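Peer 1: Just one file: target.cif, with mmCIF, C-alpha atoms.
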```
data_input
loop_
_atom_site.group_PDB
_atom_site.id
_atom_site.type_symbol
_atom_site.label_atom_id
_atom_site.label_comp_id
_atom_site.auth_asym_id
_atom_site.auth_seq_id
_atom_site.Cartn_x
_atom_site.Cartn_y
_atom_site.Cartn_z
ATOM 1 C CA MET Z 753 -62.647 8.815 -2.386
ATOM 2 C CA ASP Z 754 -61.700 12.462 -2.094
ATOM 3 C CA ASP Z 755 -58.984 13.738 -4.444
ATOM 4 C CA PRO Z 756 -56.066 14.909 -2.293
ATOM 5 C CA GLY Z 757 -54.873 17.140 -5.135
ATOM 6 C CA ARG Z 758 -51.291 17.776 -6.152
ATOM 7 C CA VAL Z 759 -48.701 16.217 -3.854
ATOM 8 C CA VAL Z 760 -45.500 18.224 -3.526
ATOM 9 C CA MET Z 761 -42.388 16.036 -3.554
ATOM 10 C CA PRO Z 762 -40.517 16.520 -0.278
ATOM 11 C CA ARG Z 763 -36.810 17.075 -0.081
ATOM 12 C CA LEU Z 764 -34.547 15.414 2.436
ATOM 13 C CA SER Z 765 -34.534 17.009 5.831
ATOM 14 C CA ARG Z 766 -31.256 17.435 7.698
ATOM 15 C CA HIS Z 767 -31.678 14.157 9.595
ATOM 16 C CA GLU Z 768 -32.836 12.294 6.473
ATOM 17 C CA TYR Z 769 -29.853 13.622 4.505
ATOM 18 C CA ARG Z 770 -27.462 12.447 7.214
ATOM 19 C CA ASN Z 771 -29.036 8.986 7.328
ATOM 20 C CA VAL Z 772 -29.074 8.565 3.540
ATOM 21 C CA ILE Z 773 -25.380 9.438 3.193
ATOM 22 C CA ARG Z 774 -24.583 7.207 6.162
ATOM 23 C CA ASP Z 775 -26.272 4.261 4.430
ATOM 24 C CA LEU Z 776 -24.786 5.033 0.993
ATOM 25 C CA SER Z 777 -21.263 5.231 2.432
ATOM 26 C CA GLY Z 778 -21.625 2.034 4.425
ATOM 27 C CA GLY Z 779 -21.435 3.849 7.738
ATOM 28 C CA ILE Z 780 -18.232 5.731 6.889
ATOM 29 C CA VAL Z 781 -19.616 9.272 6.591
ATOM 30 C CA LEU Z 782 -21.676 9.904 9.717
ATOM 31 C CA LYS Z 783 -22.019 13.697 9.928
ATOM 32 C CA ALA Z 784 -23.211 14.661 6.445
ATOM 33 C CA GLY Z 785 -25.481 17.691 6.403
ATOM 34 C CA GLU Z 786 -24.819 18.594 10.016
ATOM 35 C CA TYR Z 787 -24.861 22.301 9.127
ATOM 36 C CA LEU Z 788 -28.129 22.209 7.199
ATOM 37 C CA PRO Z 789 -30.802 24.425 8.794
ATOM 38 C CA ASN Z 790 -33.475 22.972 11.045
ATOM 39 C CA GLU Z 791 -36.858 22.322 9.495
ATOM 40 C CA GLY Z 792 -40.056 24.019 10.497
ATOM 41 C CA GLY Z 793 -42.910 21.588 11.187
ATOM 42 C CA ALA Z 794 -46.094 21.514 9.101
ATOM 43 C CA GLY Z 795 -49.538 21.708 10.679
ATOM 44 C CA GLU Z 796 -49.292 18.080 11.743
ATOM 45 C CA GLY Z 797 -45.870 18.635 13.274
ATOM 46 C CA PHE Z 798 -43.914 16.696 10.603
ATOM 47 C CA SER Z 799 -40.765 18.218 9.107
ATOM 48 C CA ASN Z 800 -40.790 16.136 5.905
ATOM 49 C CA VAL Z 801 -44.037 17.327 4.329
ATOM 50 C CA GLY Z 802 -43.165 18.707 0.898
ATOM 51 C CA GLU Z 803 -45.885 21.355 0.852
ATOM 52 C CA ALA Z 804 -44.545 22.871 4.046
ATOM 53 C CA GLN Z 805 -40.884 22.762 3.050
ATOM 54 C CA GLY Z 806 -39.278 25.833 1.581
ATOM 55 C CA MET Z 807 -36.158 26.061 -0.597
ATOM 56 C CA GLY Z 808 -34.804 29.559 -0.800
ATOM 57 C CA THR Z 809 -31.485 30.566 -2.312
ATOM 58 C CA ALA Z 810 -29.659 30.463 1.018
ATOM 59 C CA GLN Z 811 -31.019 27.010 1.812
ATOM 60 C CA PHE Z 812 -30.156 25.740 -1.677
ATOM 61 C CA GLU Z 813 -26.558 26.888 -1.149
ATOM 62 C CA LYS Z 814 -26.462 25.034 2.163
ATOM 63 C CA TYR Z 815 -27.393 21.795 0.398
ATOM 64 C CA LEU Z 816 -24.667 22.415 -2.198
ATOM 65 C CA GLU Z 817 -22.134 22.913 0.595
ATOM 66 C CA ALA Z 818 -23.324 19.697 2.243
ATOM 67 C CA ALA Z 819 -22.879 17.807 -1.039
ATOM 68 C CA LYS Z 820 -19.357 19.212 -1.466
ATOM 69 C CA GLY Z 821 -18.539 18.027 2.044
ATOM 70 C CA VAL Z 822 -19.745 14.522 1.183
ATOM 71 C CA LEU Z 823 -17.735 14.420 -2.061
ATOM 72 C CA LYS Z 824 -14.553 15.072 -0.079
ATOM 73 C CA HIS Z 825 -14.893 11.503 1.194
ATOM 74 C CA LEU Z 826 -14.999 9.887 -2.266
ATOM 75 C CA ARG Z 827 -11.956 8.358 -3.926
ATOM 76 C CA VAL Z 828 -11.512 6.794 -7.355
ATOM 77 C CA SER Z 829 -10.187 3.224 -7.380
ATOM 78 C CA PRO Z 830 -8.902 1.550 -10.602
ATOM 79 C CA HIS Z 831 -10.623 -1.655 -9.528
ATOM 80 C CA ASP Z 832 -13.661 -0.673 -7.465
ATOM 81 C CA GLY Z 833 -14.630 2.675 -8.992
ATOM 82 C CA LEU Z 834 -15.828 5.158 -6.392
ATOM 83 C CA VAL Z 835 -14.718 4.263 -2.859
ATOM 84 C CA TRP Z 836 -15.657 5.985 0.389
ATOM 85 C CA SER Z 837 -12.943 7.171 2.741
ATOM 86 C CA ALA Z 838 -13.281 8.287 6.355
ATOM 87 C CA VAL Z 839 -10.610 10.946 5.738
ATOM 88 C CA PRO Z 840 -11.913 13.989 3.820
ATOM 89 C CA ARG Z 841 -9.778 15.652 1.200
ATOM 90 C CA GLU Z 842 -10.160 19.171 -0.112
ATOM 91 C CA PRO Z 843 -11.101 19.357 -3.803
ATOM 92 C CA VAL Z 844 -8.711 21.032 -6.231
ATOM 93 C CA GLU Z 845 -9.595 23.431 -9.002
ATOM 94 C CA GLU Z 846 -6.531 23.253 -11.239
ATOM 95 C CA THR Z 847 -6.464 20.485 -13.845
ATOM 96 C CA LYS Z 848 -2.776 19.745 -13.266
ATOM 97 C CA GLN Z 849 -3.332 19.239 -9.537
ATOM 98 C CA ALA Z 850 -6.424 17.116 -10.170
ATOM 99 C CA ILE Z 851 -4.417 14.841 -12.483
ATOM 100 C CA LYS Z 852 -1.687 14.542 -9.853
ATOM 101 C CA GLU Z 853 -4.198 13.566 -7.164
ATOM 102 C CA ALA Z 854 -5.809 10.984 -9.451
ATOM 103 C CA THR Z 855 -2.367 9.560 -10.248
ATOM 104 C CA ASP Z 856 -1.497 9.413 -6.545
ATOM 105 C CA ASP Z 857 -4.748 7.555 -5.874
ATOM 106 C CA ILE Z 858 -3.950 4.984 -8.549
ATOM 107 C CA ILE Z 859 -0.395 4.492 -7.247
ATOM 108 C CA ALA Z 860 -1.660 4.167 -3.671
ATOM 109 C CA TRP Z 861 -4.200 1.580 -4.772
ATOM 110 C CA HIS Z 862 -1.580 -0.482 -6.607
ATOM 111 C CA VAL Z 863 0.779 -0.286 -3.626
ATOM 112 C CA MET Z 864 -2.037 -1.438 -1.332
ATOM 113 C CA GLN Z 865 -2.837 -4.359 -3.646
ATOM 114 C CA GLN Z 866 0.839 -5.308 -3.829
ATOM 115 C CA GLN Z 867 1.152 -5.227 -0.054
ATOM 116 C CA LYS Z 868 -2.039 -7.268 0.330
ATOM 117 C CA TRP Z 869 -0.865 -9.857 -2.179
ATOM 118 C CA GLY Z 870 2.609 -9.897 -0.634
ATOM 119 C CA ALA Z 871 1.211 -10.488 2.854
ATOM 120 C CA GLU Z 872 -1.040 -13.315 1.664
ATOM 121 C CA HIS Z 873 1.780 -14.819 -0.386
ATOM 122 C CA ARG Z 874 4.207 -14.760 2.532
ATOM 123 C CA GLU Z 875 1.632 -16.247 4.898
ATOM 124 C CA ALA Z 876 0.976 -19.100 2.470
ATOM 125 C CA LEU Z 877 4.698 -19.840 2.066
ATOM 126 C CA MET Z 878 5.307 -19.634 5.804
ATOM 127 C CA ALA Z 879 2.412 -21.976 6.563
ATOM 128 C CA LYS Z 880 3.529 -24.584 4.034
ATOM 129 C CA PHE Z 881 7.336 -24.343 4.147
ATOM 130 C CA GLY Z 882 8.140 -22.567 7.401
ATOM 131 C CA SER Z 883 9.860 -19.775 5.471
ATOM 132 C CA THR Z 884 8.880 -17.095 2.986
ATOM 133 C CA HIS Z 885 12.256 -17.216 1.216
ATOM 134 C CA ALA Z 886 13.278 -20.895 1.127
ATOM 135 C CA PRO Z 887 10.877 -21.904 -1.700
ATOM 136 C CA TYR Z 888 12.428 -19.226 -3.935
ATOM 137 C CA LEU Z 889 15.910 -20.520 -3.137
ATOM 138 C CA GLU Z 890 14.787 -24.042 -4.056
ATOM 139 C CA ALA Z 891 13.142 -22.929 -7.278
ATOM 140 C CA ALA Z 892 16.210 -20.874 -8.244
ATOM 141 C CA LYS Z 893 18.350 -24.030 -7.920
ATOM 142 C CA ARG Z 894 16.069 -26.570 -9.602
ATOM 143 C CA GLY Z 895 13.333 -24.543 -11.349
ATOM 144 C CA PRO Z 896 9.709 -23.707 -10.380
ATOM 145 C CA GLU Z 897 8.776 -27.399 -10.498
ATOM 146 C CA ALA Z 898 10.971 -27.932 -7.427
ATOM 147 C CA VAL Z 899 8.255 -26.507 -5.185
ATOM 148 C CA THR Z 900 4.554 -27.272 -4.957
ATOM 149 C CA VAL Z 901 3.274 -23.735 -4.593
ATOM 150 C CA ALA Z 902 2.781 -20.883 -7.052
ATOM 151 C CA LEU Z 903 5.661 -18.401 -7.009
ATOM 152 C CA ALA Z 904 5.808 -14.922 -8.486
ATOM 153 C CA PRO Z 905 7.779 -15.154 -11.774
ATOM 154 C CA ALA Z 906 9.245 -11.655 -11.365
ATOM 155 C CA ALA Z 907 10.357 -12.428 -7.806
ATOM 156 C CA LEU Z 908 11.869 -15.767 -8.847
ATOM 157 C CA GLU Z 909 13.785 -14.105 -11.680
ATOM 158 C CA LYS Z 910 15.157 -11.543 -9.276
ATOM 159 C CA TRP Z 911 16.061 -14.146 -6.659
ATOM 160 C CA THR Z 912 17.949 -16.116 -9.339
ATOM 161 C CA ARG Z 913 19.927 -13.036 -10.355
ATOM 162 C CA ILE Z 914 20.727 -12.142 -6.730
ATOM 163 C CA LEU Z 915 21.818 -15.658 -5.791
ATOM 164 C CA ASN Z 916 24.125 -15.930 -8.807
ATOM 165 C CA ASN Z 917 25.757 -12.576 -8.060
ATOM 166 C CA THR Z 918 29.317 -13.268 -6.829
ATOM 167 C CA GLU Z 919 30.122 -9.703 -5.722
ATOM 168 C CA ALA Z 920 31.140 -9.606 -2.055
ATOM 169 C CA ASN Z 921 29.047 -6.531 -1.249
ATOM 170 C CA ALA Z 922 25.955 -7.553 -3.229
ATOM 171 C CA PRO Z 923 22.571 -7.877 -1.488
ATOM 172 C CA PHE Z 924 22.135 -11.260 0.228
ATOM 173 C CA ALA Z 925 25.835 -11.969 -0.393
ATOM 174 C CA GLU Z 926 26.063 -14.482 2.476
ATOM 175 C CA TRP Z 927 22.901 -16.250 1.397
ATOM 176 C CA ALA Z 928 24.117 -16.368 -2.219
ATOM 177 C CA LYS Z 929 27.481 -17.871 -1.227
ATOM 178 C CA ALA Z 930 25.825 -20.603 0.836
ATOM 179 C CA TRP Z 931 23.261 -21.244 -1.909
ATOM 180 C CA ARG Z 932 25.970 -21.648 -4.571
ATOM 181 C CA ALA Z 933 27.752 -24.144 -2.326
ATOM 182 C CA ILE Z 934 24.777 -26.546 -2.518
ATOM 183 C CA PRO Z 935 25.770 -29.453 -4.859
ATOM 184 C CA ALA Z 936 23.875 -29.747 -8.133
ATOM 185 C CA ASP Z 937 23.165 -33.465 -7.569
ATOM 186 C CA ILE Z 938 21.656 -32.980 -4.110
ATOM 187 C CA SER Z 939 18.389 -34.766 -3.352
ATOM 188 C CA ALA Z 940 15.134 -32.837 -3.293
ATOM 189 C CA GLU Z 941 14.736 -33.509 0.415
ATOM 190 C CA LYS Z 942 18.262 -32.274 1.226
ATOM 191 C CA LEU Z 943 17.830 -29.252 -1.054
ATOM 192 C CA HIS Z 944 14.712 -28.268 0.850
ATOM 193 C CA ALA Z 945 16.504 -28.623 4.185
ATOM 194 C CA ASP Z 946 19.548 -26.618 3.067
ATOM 195 C CA CYS Z 947 17.484 -23.794 1.561
ATOM 196 C CA LEU Z 948 15.426 -23.632 4.731
ATOM 197 C CA ALA Z 949 18.653 -23.494 6.762
ATOM 198 C CA ILE Z 950 19.907 -20.562 4.703
ATOM 199 C CA ALA Z 951 16.656 -18.627 5.005
ATOM 200 C CA THR Z 952 16.236 -19.216 8.738
ATOM 201 C CA GLY Z 953 19.875 -18.935 9.820
ATOM 202 C CA LYS Z 954 20.029 -22.492 11.187
ATOM 203 C CA ARG Z 955 22.774 -25.028 10.624
ATOM 204 C CA GLY Z 956 22.223 -27.278 7.639
ATOM 205 C CA GLY Z 957 25.052 -29.690 6.979
ATOM 206 C CA SER Z 958 28.045 -27.623 5.921
ATOM 207 C CA ILE Z 959 25.927 -24.458 5.693
ATOM 208 C CA GLU Z 960 26.157 -21.937 8.497
ATOM 209 C CA VAL Z 961 24.833 -18.440 7.887
ATOM 210 C CA ASN Z 962 23.450 -15.609 9.947
ATOM 211 C CA LYS Z 963 19.758 -14.904 9.672
ATOM 212 C CA GLU Z 964 19.095 -11.783 7.621
ATOM 213 C CA ASP Z 965 15.639 -10.344 8.041
ATOM 214 C CA PHE Z 966 15.229 -8.951 4.542
ATOM 215 C CA ALA Z 967 11.907 -8.550 2.796
ATOM 216 C CA PRO Z 968 11.426 -10.447 -0.479
ATOM 217 C CA PRO Z 969 12.941 -8.869 -3.589
ATOM 218 C CA TYR Z 970 9.584 -7.565 -4.761
ATOM 219 C CA GLU Z 971 9.217 -5.490 -1.587
ATOM 220 C CA ILE Z 972 12.566 -4.368 -0.216
ATOM 221 C CA SER Z 973 12.373 -2.674 3.154
ATOM 222 C CA PHE Z 974 14.821 -0.700 5.264
ATOM 223 C CA HIS Z 975 14.306 -0.539 9.000
ATOM 224 C CA GLU Z 976 16.749 2.064 10.218
ATOM 225 C CA ALA Z 977 16.891 3.878 13.530
ATOM 226 C CA ARG Z 978 16.167 7.575 13.143
ATOM 227 C CA GLU Z 979 19.135 8.599 15.306
ATOM 228 C CA GLU Z 980 21.600 6.537 13.254
ATOM 229 C CA VAL Z 981 20.405 8.006 9.979
ATOM 230 C CA LEU Z 982 20.482 11.565 11.311
ATOM 231 C CA GLU Z 983 23.966 11.065 12.760
ATOM 232 C CA ALA Z 984 25.313 9.714 9.470
ATOM 233 C CA ALA Z 985 23.680 12.536 7.518
ATOM 234 C CA THR Z 986 25.052 15.133 9.932
ATOM 235 C CA GLN Z 987 28.622 13.818 10.152
ATOM 236 C CA HIS Z 988 29.109 12.612 6.586
ATOM 237 C CA GLY Z 989 26.561 14.678 4.693
ATOM 238 C CA HIS Z 990 24.805 11.616 3.311
ATOM 239 C CA TRP Z 991 23.447 8.219 4.224
ATOM 240 C CA PRO Z 992 23.908 5.746 1.388
ATOM 241 C CA PHE Z 993 22.067 2.469 1.067
ATOM 242 C CA ARG Z 994 22.387 -0.258 -1.541
ATOM 243 C CA ILE Z 995 19.412 -1.688 -3.384
ATOM 244 C CA ASP Z 996 19.108 -4.013 -6.372
ATOM 245 C CA ILE Z 997 16.119 -3.099 -8.545
ATOM 246 C CA GLY Z 998 17.132 -5.222 -11.524
ATOM 247 C CA ASP Z 999 15.640 -3.974 -14.775
ATOM 248 C CA ALA Z 1000 12.931 -1.889 -13.125
ATOM 249 C CA ARG Z 1001 12.274 1.462 -14.779
ATOM 250 C CA GLU Z 1002 10.583 3.043 -11.778
ATOM 251 C CA LEU Z 1003 11.443 3.160 -8.088
ATOM 252 C CA PHE Z 1004 8.936 4.217 -5.457
ATOM 253 C CA LEU Z 1005 10.077 5.182 -1.972
ATOM 254 C CA ILE Z 1006 7.245 4.830 0.530
ATOM 255 C CA VAL Z 1007 7.414 5.672 4.236
ATOM 256 C CA THR Z 1008 5.168 3.469 6.374
ATOM 257 C CA ASP Z 1009 4.978 2.150 9.924
ATOM 258 C CA ALA Z 1010 6.498 -1.117 8.631
ATOM 259 C CA GLY Z 1011 3.622 -3.036 10.177
ATOM 260 C CA ASP Z 1012 4.936 -2.600 13.704
ATOM 261 C CA GLY Z 1013 2.263 -0.112 14.706
ATOM 262 C CA GLY Z 1014 4.789 2.677 15.184
ATOM 263 C CA ARG Z 1015 3.955 6.283 14.484
ATOM 264 C CA GLY Z 1016 5.933 9.346 13.491
ATOM 265 C CA GLU Z 1017 7.877 7.783 10.600
ATOM 266 C CA TYR Z 1018 9.294 10.278 8.147
ATOM 267 C CA ALA Z 1019 11.921 10.633 5.447
ATOM 268 C CA MET Z 1020 14.393 13.401 4.657
ATOM 269 C CA TRP Z 1021 15.483 13.429 1.042
ATOM 270 C CA GLN Z 1022 17.907 16.168 0.018
ATOM 271 C CA LYS Z 1023 19.932 16.296 -3.195
ATOM 272 C CA GLY Z 1024 19.357 12.607 -3.791
ATOM 273 C CA ARG Z 1025 21.525 10.802 -6.343
ATOM 274 C CA ILE Z 1026 21.328 7.355 -7.878
ATOM 275 C CA LEU Z 1027 24.721 5.697 -8.375
ATOM 276 C CA PHE Z 1028 24.921 2.941 -10.975
ATOM 277 C CA LYS Z 1029 27.259 -0.024 -11.071
ATOM 278 C CA ASP Z 1030 29.199 1.441 -13.995
ATOM 279 C CA GLY Z 1031 30.153 4.459 -11.844
ATOM 280 C CA SER Z 1032 27.753 6.893 -13.467
ATOM 281 C CA ALA Z 1033 25.236 8.891 -11.437
ATOM 282 C CA LYS Z 1034 21.968 10.690 -11.962
ATOM 283 C CA PRO Z 1035 20.057 13.077 -9.715
ATOM 284 C CA TRP Z 1036 16.882 11.762 -8.170
ATOM 285 C CA ARG Z 1037 13.870 13.347 -9.880
#
```
With the file now loaded, output its structure as structure tokens.
Peer 2:
Amino acid sequence: MDDPGRVVMPRLSRHEYRNVIRDLSGGIVLKAGEYLPNEGGAGEGFSNVGEAQGMGTAQFEKYLEAAKGVLKHLRVSPHDGLVWSAVPREPVEETKQAIKEATDDIIAWHVMQQQKWGAEHREALMAKFGSTHAPYLEAAKRGPEAVTVALAPAALEKWTRILNNTEANAPFAEWAKAWRAIPADISAEKLHADCLAIATGKRGGSIEVNKEDFAPPYEISFHEAREEVLEAATQHGHWPFRIDIGDARELFLIVTDAGDGGRGEYAMWQKGRILFKDGSAKPWR
């Protein structure tokens, strides 16, 4: 057999580069290397023959630019490592800004996991009990053994504190009043019915409350009309809202579409202050 001699390793052509990145990213990045130069064909007409491929300085820089464009689609996940994103993000040069972006990525990942767990948890409670809140009301009255589903300990602790709060303007004040009116010696079956009545706003024996569409304590949401907030801010200079965060050391305010598919949500936050129950106040930082 004739010796073909030294075989020059080919580099990826523009189309090969695009296809490789497409496969590596799971079909997320589809236009990688679109600005790489066209290849000239070898004697046989193929553009991927190493011996016929050149790599000058200008072409090398084009491949570096293509790689930088691909890296804009990579994110760092605390759980999954490197994750591809369809939305590119410009790289930063300063260390301080890079640390901030990495921190934002970690926070966003944790928020996403919390929302995912919260959605699955609520769906499970709704499917089994017909309410996402009633099982917590039952467990707060009789203990976690009162229900046959796993509850979040932090959420149960917060529910218990809220329901035992006798202040008239406290969160869930109407629910708490009706919940405290449930006798201690009530049967398990009646307790379930009364807690369900409180959470769904239906009549349950002597209990009659209005349905309050609050999110669970571990994910408190505010659905306010933009015009109402702007009017209050314009006329009164502020728009206060009350929130019980218990012993939490951190508070994250996140603007989303609230799952209703809406767009254009935004928040205005000017000279924010946090007022504590003891009358003291601190500026929002």
Peer 1: To one decimal place in Å, what is the distance between atom CA of Ala940 of chain Z and atom CA of Asn916 of chain Z?
Peer 2: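 Computing it gives 19.9 Å between the two atoms.
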Peer 1: With distances taken over all atoms listed in the file, which residue among Z:Pro830, Z:Pro789, Z:Gly778, Z:Pro935 lies nearest Ala810 of chain Z?
Peer 2: Z:Pro789
Peer 1: Could you tell me which of Z:Ala933, Z:Val901, Z:Met761, Z:Gln867 comes closest to Thr918 of chain Z if we count all atoms listed in the file?
Peer 2: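 Among Z:Ala933, Z:Val901, Z:Met761, Z:Gln867, it is Z:Ala933 that comes nearest to Thr918 of chain Z.
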Peer 1: Apply the PyMOL selection byres ((chain Z and resi 893-898) around 9) to the structure shown and report the selected residues as a PyMOL selection string.
Peer 2: chain Z and resi 887-892+899-903+905+908+912+931-932+934+936+940+943
Peer 1: Once the PyMOL selection byres ((chain Z and resi 825) around 7) has been evaluated on this model, what residues remain selected, and can you format them as a list in words?
Peer 2: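 With the shown file as input, the PyMOL selection byres ((chain Z and resi 825) around 7) matches Val822, Leu823, Lys824, Leu826, Arg827, Trp836, Ser837, Ala838, Val839, Pro840 and Arg841 of chain Z.
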